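What follows is a single structure, written as structure tokens, with notes after it.
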Amino acid sequence: MNLHNIRLENFRNYGAAAVEFDPGVNLILGDNAQGKTNLLEAIAFLGSGKAFRAQKAAELIKIGADFAQIEGDMFSQQREQSLKWVLFSGQRPRQIYRNGVKKRTSADISGVLNTILFCPEDLMVLKGGGAGRRRLADTAICQLRPNYEAALSEYNRILEQKNKILKDRHENPALLEILPEFNARLCQVGALIISYRARFFEGLGREAKKYHQLFSGGKEEFSLTYKTVSTISDNFAPVSELENCLREHLESHYRAELESSSCLTGPHKDDFDVHLSEMSLKSFGSQGQVRTAAISLKLAQRDLMEKESGETPLLLLDDVLSELDPGRQDFVLNHITHGQVFITCCESDRFTKLGKTIEIEKGTVK
Ligand code: ATP
Ligand code: MG
């Protein structure tokens, strides 16, 4: 897919702006607070109706204005298409148009313009606790496999109910009688989730390893390991076997679960580890290494989506160049030859050989 242009009216700090994009690399330059990230946010919003920095859509409307409009033309699904959103302050519902025809929900435009975003917060995810990494993986798998989302929400619902039983049983011991029912369901759905995740991480690790190799000039060996419930020795075993392993773990932790009043078995504790040349990225990675690995993972995620849908999502790289040495900056600017890429940057002397430079100043395109 390819975004030809975008037109903004009262979006964030933009009054009225129109930008033409290159089908390759678009380097968005400007000082701090000029509207570079806002432009990426507009692109992501155009395709999904989700704003990665806003809690409420109203935040996207320029302060003082009563509506915002975001529209763009793109080539995707083998034809020329257009999307338009109109947001209103107050109660009036937002409007979505696809090829000039009014649509009801964002699901009606799904697949027209897919984006993958790298933002500096992704670095915290690689360095921080497991919950952030699970969220990152779950979001990616949901984009790839529609059935995964349903399994995941069912799992979370069972987990919540089971935790409630474990907590409330002190006041109501009869609750323990229904625990086996929840355990059985937890193992069933949990095994399915592990099976999805195992396949996803295998593909992601394989692709990211290739990118990281190029990115680091062959200096670092990237590897990704999926860590799940300890009784599972083969993540790729049939779902029924994974279910047996989960049950085994659960039975051996029965007492511990009662003592801690929390659920100790299942993929809600999963994590993944990245190692660079045998060193844990989480514990020992330098800032540049974490950044490189994070970008390699995004490129890998884009490849997986492309394999699945036949369309290459747009890659949005926010503030990606800082902390990278000249070789790694050169990789980002001049060696991502595939698909359409948008890179924001504050250093005015950067350039790309693969596309165009767009200069932003106070919410206008120079
Ligand atoms: P940096 O290099 O620091 O990341 P940036 O160019 O990415 O800067 P943006 O995050 O795009 O900057 O924000 C530009 C400006 O937009 C900010 O000063 C912010 O206050 C302003 N802004 C955000 N939302 C709105 C809004 N709804 N109305 C008006 N201005 C807004
Ligand atoms: Mg920014």
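Residue numbering restarts at 1 for every chain of the structure tokens, chains are lettered A, B, ... in their displayed order, and ligands are numbered from 1 as they appear.
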
Hey, which residues sit close to ligand 2? Say within 7 Å, counting only C-alpha atoms and all ligand atoms, and write them as a PDB file with N, CA and C atoms, in the first residue's frame.
```pdb
ATOM      1  N   ASN A  32      11.959  20.910  17.545  1.00  0.00           N
ATOM      2  CA  ASN A  32      11.017  20.339  18.506  1.00  0.00           C
ATOM      3  C   ASN A  32       9.681  21.074  18.447  1.00  0.00           C
ATOM      4  N   ALA A  33       8.631  20.359  18.724  1.00  0.00           N
ATOM      5  CA  ALA A  33       7.275  20.917  18.873  1.00  0.00           C
ATOM      6  C   ALA A  33       6.734  21.610  17.625  1.00  0.00           C
ATOM      7  N   LYS A  36       5.919  17.271  13.869  1.00  0.00           N
ATOM      8  CA  LYS A  36       6.402  16.063  13.161  1.00  0.00           C
ATOM      9  C   LYS A  36       5.643  14.820  13.630  1.00  0.00           C
ATOM     10  N   THR A  37       5.611  14.621  14.945  1.00  0.00           N
ATOM     11  CA  THR A  37       4.900  13.441  15.461  1.00  0.00           C
ATOM     12  C   THR A  37       3.405  13.555  15.168  1.00  0.00           C
ATOM     13  N   ASP A 318       9.145   7.237  14.592  1.00  0.00           N
ATOM     14  CA  ASP A 318       9.191   8.535  15.270  1.00  0.00           C
ATOM     15  C   ASP A 318      10.474   8.658  16.073  1.00  0.00           C
ATOM     16  N   ASP A 319      11.239   9.672  15.745  1.00  0.00           N
ATOM     17  CA  ASP A 319      12.436  10.009  16.513  1.00  0.00           C
ATOM     18  C   ASP A 319      13.370   8.803  16.650  1.00  0.00           C
TER      19      ASP A 319
END
```

Residues of chain A within 10 Å of ligand 1: nearest atom pair and distance (Å, one decimal) for each, counting only C-alpha atoms and all ligand atoms, sorted by chain and number, as CSV?
```
residue,atom,partner,partner_atom_place_in_ligand_line,distance
A:Asn10,CA,ligand 1,28 (N),7.7
A:Phe11,CA,ligand 1,27 (N),6.7
A:Arg12,CA,ligand 1,26 (C),3.6
A:Asn13,CA,ligand 1,30 (N),3.7
A:Tyr14,CA,ligand 1,29 (C),7.4
A:Gly15,CA,ligand 1,29 (C),8.9
A:Ile28,CA,ligand 1,6 (O),9.0
A:Leu29,CA,ligand 1,6 (O),8.1
A:Gly30,CA,ligand 1,6 (O),6.1
A:Asp31,CA,ligand 1,2 (O),5.7
A:Asn32,CA,ligand 1,2 (O),3.4
A:Ala33,CA,ligand 1,12 (O),3.4
A:Gln34,CA,ligand 1,6 (O),3.9
A:Gly35,CA,ligand 1,11 (O),3.1
A:Lys36,CA,ligand 1,6 (O),3.7
A:Thr37,CA,ligand 1,7 (O),3.7
A:Asn38,CA,ligand 1,11 (O),3.7
A:Leu39,CA,ligand 1,11 (O),6.5
A:Leu40,CA,ligand 1,11 (O),8.1
A:Glu41,CA,ligand 1,11 (O),8.2
A:Ala42,CA,ligand 1,11 (O),9.9
A:Arg53,CA,ligand 1,10 (O),9.1
A:Ala54,CA,ligand 1,24 (N),8.8
A:Ala57,CA,ligand 1,27 (N),9.4
A:Ala58,CA,ligand 1,27 (N),7.6
A:Glu59,CA,ligand 1,27 (N),4.8
A:Leu60,CA,ligand 1,27 (N),4.7
A:Ile61,CA,ligand 1,27 (N),4.7
A:Lys62,CA,ligand 1,28 (N),3.5
A:Ile63,CA,ligand 1,28 (N),4.0
A:Gly64,CA,ligand 1,28 (N),7.6
A:Ala65,CA,ligand 1,28 (N),8.4
A:Ala68,CA,ligand 1,27 (N),9.5
A:Pro120,CA,ligand 1,4 (O),9.8
A:Asp318,CA,ligand 1,7 (O),7.8
A:Asp319,CA,ligand 1,4 (O),6.8
A:Thr344,CA,ligand 1,7 (O),7.4
A:Cys345,CA,ligand 1,2 (O),7.0
A:Cys346,CA,ligand 1,2 (O),5.7
A:Glu347,CA,ligand 1,2 (O),9.5
A:Ile360,CA,ligand 1,6 (O),7.6
A:Glu361,CA,ligand 1,6 (O),8.1
A:Lys362,CA,ligand 1,14 (C),7.4
A:Gly363,CA,ligand 1,14 (C),7.2
```

Sel. of alpha helix (DSSP H) residues, stretch 202-274 of chain A, as an MDAnalysis selection string: chainID A and resid 202:215 239:252 254:260

Generate a file of the selected residues that holds C-alpha atoms, formatted as a PDB file, in the first residue's frame.
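Listed below is the output, again14.pdb:
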```pdb
ATOM      1  CA  GLU A 202       9.302 -17.909  15.639  1.00  0.00           C
ATOM      2  CA  GLY A 203       8.511 -15.820  12.528  1.00  0.00           C
ATOM      3  CA  LEU A 204       9.275 -12.518  14.227  1.00  0.00           C
ATOM      4  CA  GLY A 205      12.646 -13.715  15.551  1.00  0.00           C
ATOM      5  CA  ARG A 206      13.647 -15.147  12.174  1.00  0.00           C
ATOM      6  CA  GLU A 207      12.882 -11.923  10.275  1.00  0.00           C
ATOM      7  CA  ALA A 208      14.255  -9.565  12.940  1.00  0.00           C
ATOM      8  CA  LYS A 209      17.536 -11.500  12.998  1.00  0.00           C
ATOM      9  CA  LYS A 210      18.051 -10.728   9.288  1.00  0.00           C
ATOM     10  CA  TYR A 211      17.382  -7.030   9.749  1.00  0.00           C
ATOM     11  CA  HIS A 212      19.533  -6.737  12.832  1.00  0.00           C
ATOM     12  CA  GLN A 213      22.407  -8.361  10.990  1.00  0.00           C
ATOM     13  CA  LEU A 214      22.226  -5.725   8.219  1.00  0.00           C
ATOM     14  CA  PHE A 215      21.579  -2.908  10.666  1.00  0.00           C
ATOM     15  CA  VAL A 239      -2.656 -27.738  21.172  1.00  0.00           C
ATOM     16  CA  SER A 240      -3.973 -30.853  22.993  1.00  0.00           C
ATOM     17  CA  GLU A 241      -0.446 -31.616  24.205  1.00  0.00           C
ATOM     18  CA  LEU A 242       0.115 -28.010  25.305  1.00  0.00           C
ATOM     19  CA  GLU A 243      -3.127 -28.284  27.225  1.00  0.00           C
ATOM     20  CA  ASN A 244      -1.848 -31.398  29.060  1.00  0.00           C
ATOM     21  CA  CYS A 245       1.370 -29.589  29.978  1.00  0.00           C
ATOM     22  CA  LEU A 246      -0.615 -26.644  31.319  1.00  0.00           C
ATOM     23  CA  ARG A 247      -2.752 -29.001  33.393  1.00  0.00           C
ATOM     24  CA  GLU A 248       0.353 -30.655  34.795  1.00  0.00           C
ATOM     25  CA  HIS A 249       1.772 -27.265  35.823  1.00  0.00           C
ATOM     26  CA  LEU A 250      -1.535 -26.232  37.284  1.00  0.00           C
ATOM     27  CA  GLU A 251      -1.899 -29.373  39.384  1.00  0.00           C
ATOM     28  CA  SER A 252       1.574 -29.035  40.816  1.00  0.00           C
ATOM     29  CA  TYR A 254      -2.579 -26.002  43.283  1.00  0.00           C
ATOM     30  CA  ARG A 255      -1.442 -25.295  46.877  1.00  0.00           C
ATOM     31  CA  ALA A 256       0.710 -22.332  45.851  1.00  0.00           C
ATOM     32  CA  GLU A 257      -2.229 -20.774  44.011  1.00  0.00           C
ATOM     33  CA  LEU A 258      -4.441 -21.082  47.079  1.00  0.00           C
ATOM     34  CA  GLU A 259      -1.725 -19.662  49.315  1.00  0.00           C
ATOM     35  CA  SER A 260      -1.010 -16.695  47.061  1.00  0.00           C
TER      36      SER A 260
END
```

Expected answer as a ChimeraX atom specification: strand (DSSP E) residues in stretch 113-358 of chain A: /A:115-118,222-227,271-276,279-280,314-317,341-345,355-358

Convert the current residue selection to file output with N, CA, C and O atoms, as a short mmCIF file (atom, residue, chain, number, x, y, z; two decimals), in the first residue's frame.
```cif
data_model
loop_
_atom_site.label_atom_id
_atom_site.label_comp_id
_atom_site.auth_asym_id
_atom_site.auth_seq_id
_atom_site.Cartn_x
_atom_site.Cartn_y
_atom_site.Cartn_z
N THR A 115 -0.67 0.66 9.30
CA THR A 115 0.61 1.29 9.68
C THR A 115 1.25 0.51 10.82
O THR A 115 0.55 -0.11 11.63
N ILE A 116 2.57 0.58 10.86
CA ILE A 116 3.31 0.04 12.00
C ILE A 116 4.16 1.18 12.53
O ILE A 116 4.88 1.83 11.78
N LEU A 117 4.01 1.44 13.81
CA LEU A 117 4.66 2.60 14.42
C LEU A 117 5.81 2.18 15.32
O LEU A 117 5.67 1.27 16.14
N PHE A 118 6.94 2.87 15.17
CA PHE A 118 7.97 2.79 16.20
C PHE A 118 7.95 4.12 16.91
O PHE A 118 8.04 5.18 16.28
N PHE A 222 21.40 -11.50 16.53
CA PHE A 222 20.12 -11.30 17.22
C PHE A 222 19.44 -12.64 17.44
O PHE A 222 19.38 -13.47 16.55
N SER A 223 18.92 -12.86 18.64
CA SER A 223 18.08 -14.05 18.81
C SER A 223 16.91 -13.73 19.74
O SER A 223 17.05 -12.91 20.66
N LEU A 224 15.79 -14.34 19.48
CA LEU A 224 14.59 -14.08 20.27
C LEU A 224 14.09 -15.41 20.83
O LEU A 224 13.99 -16.41 20.10
N THR A 225 13.79 -15.43 22.11
CA THR A 225 13.28 -16.66 22.72
C THR A 225 11.93 -16.39 23.38
O THR A 225 11.79 -15.42 24.13
N TYR A 226 11.01 -17.25 23.07
CA TYR A 226 9.68 -17.15 23.69
C TYR A 226 9.70 -17.97 24.97
O TYR A 226 10.07 -19.14 24.97
N LYS A 227 9.30 -17.33 26.08
CA LYS A 227 9.31 -18.03 27.37
C LYS A 227 7.88 -18.22 27.86
O LYS A 227 7.15 -17.25 28.05
N ASP A 271 6.62 -14.28 28.40
CA ASP A 271 7.52 -13.16 28.08
C ASP A 271 8.37 -13.57 26.89
O ASP A 271 8.32 -14.73 26.46
N PHE A 272 9.10 -12.62 26.35
CA PHE A 272 10.12 -13.01 25.37
C PHE A 272 11.41 -12.27 25.67
O PHE A 272 11.39 -11.18 26.24
N ASP A 273 12.49 -12.90 25.33
CA ASP A 273 13.83 -12.39 25.60
C ASP A 273 14.53 -12.11 24.29
O ASP A 273 14.43 -12.92 23.37
N VAL A 274 15.22 -10.99 24.23
CA VAL A 274 16.07 -10.76 23.06
C VAL A 274 17.51 -10.81 23.53
O VAL A 274 17.87 -10.22 24.57
N HIS A 275 18.34 -11.56 22.82
CA HIS A 275 19.77 -11.59 23.10
C HIS A 275 20.52 -11.06 21.90
O HIS A 275 20.16 -11.35 20.76
N LEU A 276 21.56 -10.26 22.15
CA LEU A 276 22.45 -9.82 21.07
C LEU A 276 23.80 -10.45 21.35
O LEU A 276 24.41 -10.17 22.39
N MET A 279 24.20 -11.83 24.76
CA MET A 279 24.01 -10.94 25.92
C MET A 279 22.55 -10.51 25.96
O MET A 279 21.99 -10.11 24.94
N SER A 280 21.96 -10.57 27.15
CA SER A 280 20.56 -10.18 27.27
C SER A 280 20.40 -8.69 26.99
O SER A 280 21.07 -7.85 27.60
N LEU A 314 2.52 0.75 6.05
CA LEU A 314 3.40 1.91 6.13
C LEU A 314 4.19 1.82 7.44
O LEU A 314 3.61 1.46 8.47
N LEU A 315 5.45 2.16 7.37
CA LEU A 315 6.28 2.12 8.58
C LEU A 315 6.47 3.55 9.08
O LEU A 315 6.98 4.40 8.34
N LEU A 316 6.04 3.82 10.31
CA LEU A 316 6.16 5.15 10.89
C LEU A 316 7.24 5.12 11.97
O LEU A 316 7.07 4.42 12.97
N LEU A 317 8.32 5.82 11.74
CA LEU A 317 9.44 5.78 12.69
C LEU A 317 9.59 7.15 13.34
O LEU A 317 10.06 8.10 12.73
N VAL A 341 8.05 4.51 3.97
CA VAL A 341 8.56 4.74 5.32
C VAL A 341 8.48 6.24 5.64
O VAL A 341 8.71 7.08 4.76
N PHE A 342 8.13 6.56 6.87
CA PHE A 342 8.07 7.95 7.33
C PHE A 342 8.96 8.07 8.56
O PHE A 342 8.76 7.34 9.53
N ILE A 343 9.95 8.96 8.50
CA ILE A 343 10.91 9.07 9.59
C ILE A 343 10.94 10.51 10.09
O ILE A 343 11.18 11.43 9.30
N THR A 344 10.70 10.74 11.37
CA THR A 344 10.82 12.11 11.88
C THR A 344 12.22 12.32 12.45
O THR A 344 12.84 11.38 12.96
N CYS A 345 12.69 13.56 12.37
CA CYS A 345 14.06 13.84 12.81
C CYS A 345 14.22 15.33 13.08
O CYS A 345 13.63 16.16 12.40
N GLY A 355 14.13 8.95 -1.20
CA GLY A 355 12.81 9.57 -1.22
C GLY A 355 12.90 11.07 -1.11
O GLY A 355 13.73 11.68 -1.77
N LYS A 356 12.08 11.64 -0.23
CA LYS A 356 12.07 13.10 -0.14
C LYS A 356 12.13 13.58 1.30
O LYS A 356 11.89 12.82 2.24
N THR A 357 12.43 14.87 1.42
CA THR A 357 12.46 15.49 2.74
C THR A 357 11.27 16.44 2.84
O THR A 357 10.98 17.17 1.90
N ILE A 358 10.60 16.39 3.97
CA ILE A 358 9.44 17.27 4.20
C ILE A 358 9.78 18.10 5.43
O ILE A 358 10.04 17.55 6.50
#
```

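If you measure from each of A:Thr231, A:Glu71, A:Pro93, A:Ser262 to A:Leu166 using only C-alpha atoms, the closest one turns out to be A:Ser262.
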
Rows by chain and residue number, stretch 149-256 of chain A within 10 Å of stretch 135-138 of chain A, shortest pair, only C-alpha atoms, as JSON lines:
```
{"residue": "A:Glu149", "atom": "CA", "partner": "A:Asp138", "partner_atom": "CA", "distance": 8.2}
{"residue": "A:Leu152", "atom": "CA", "partner": "A:Asp138", "partner_atom": "CA", "distance": 8.3}
{"residue": "A:Ile193", "atom": "CA", "partner": "A:Asp138", "partner_atom": "CA", "distance": 9.8}
{"residue": "A:Tyr196", "atom": "CA", "partner": "A:Asp138", "partner_atom": "CA", "distance": 9.9}
{"residue": "A:Arg197", "atom": "CA", "partner": "A:Ala137", "partner_atom": "CA", "distance": 8.0}
{"residue": "A:Phe200", "atom": "CA", "partner": "A:Ala137", "partner_atom": "CA", "distance": 8.3}
{"residue": "A:Phe201", "atom": "CA", "partner": "A:Ala137", "partner_atom": "CA", "distance": 8.3}
{"residue": "A:Leu204", "atom": "CA", "partner": "A:Ala137", "partner_atom": "CA", "distance": 9.8}
```

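Residues lying within 8 Å of A:Val189, counting only C-alpha atoms and ignoring same-chain neighbours fewer than 4 positions away, are A:Ala151, A:Glu154, A:Tyr155, A:Arg185, A:Ile193.
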
Next, write the just-selected residues to a file, as a PDB file, in the first residue's frame, keeping N, CA and C atoms as the atom set.
```pdb
ATOM      1  N   ALA A 151      -9.795 -15.279  21.307  1.00  0.00           N
ATOM      2  CA  ALA A 151      -9.217 -16.221  22.280  1.00  0.00           C
ATOM      3  C   ALA A 151      -8.616 -15.461  23.457  1.00  0.00           C
ATOM      4  N   GLU A 154     -11.251 -14.056  25.743  1.00  0.00           N
ATOM      5  CA  GLU A 154     -11.861 -15.122  26.547  1.00  0.00           C
ATOM      6  C   GLU A 154     -10.914 -15.545  27.670  1.00  0.00           C
ATOM      7  N   TYR A 155      -9.636 -15.692  27.317  1.00  0.00           N
ATOM      8  CA  TYR A 155      -8.653 -16.094  28.324  1.00  0.00           C
ATOM      9  C   TYR A 155      -8.638 -15.076  29.477  1.00  0.00           C
ATOM     10  N   ARG A 185     -11.043 -24.800  31.466  1.00  0.00           N
ATOM     11  CA  ARG A 185     -11.222 -23.822  30.380  1.00  0.00           C
ATOM     12  C   ARG A 185      -9.943 -22.986  30.192  1.00  0.00           C
ATOM     13  N   ILE A 193      -3.585 -19.999  22.953  1.00  0.00           N
ATOM     14  CA  ILE A 193      -2.828 -18.746  22.930  1.00  0.00           C
ATOM     15  C   ILE A 193      -1.333 -19.016  22.798  1.00  0.00           C
TER      16      ILE A 193
END
```

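With distances taken over only C-alpha atoms, A:Gly49 is the one residue among A:Gly288, A:Gly49, A:Gly90, A:Gly130 lying closest to A:Leu113.
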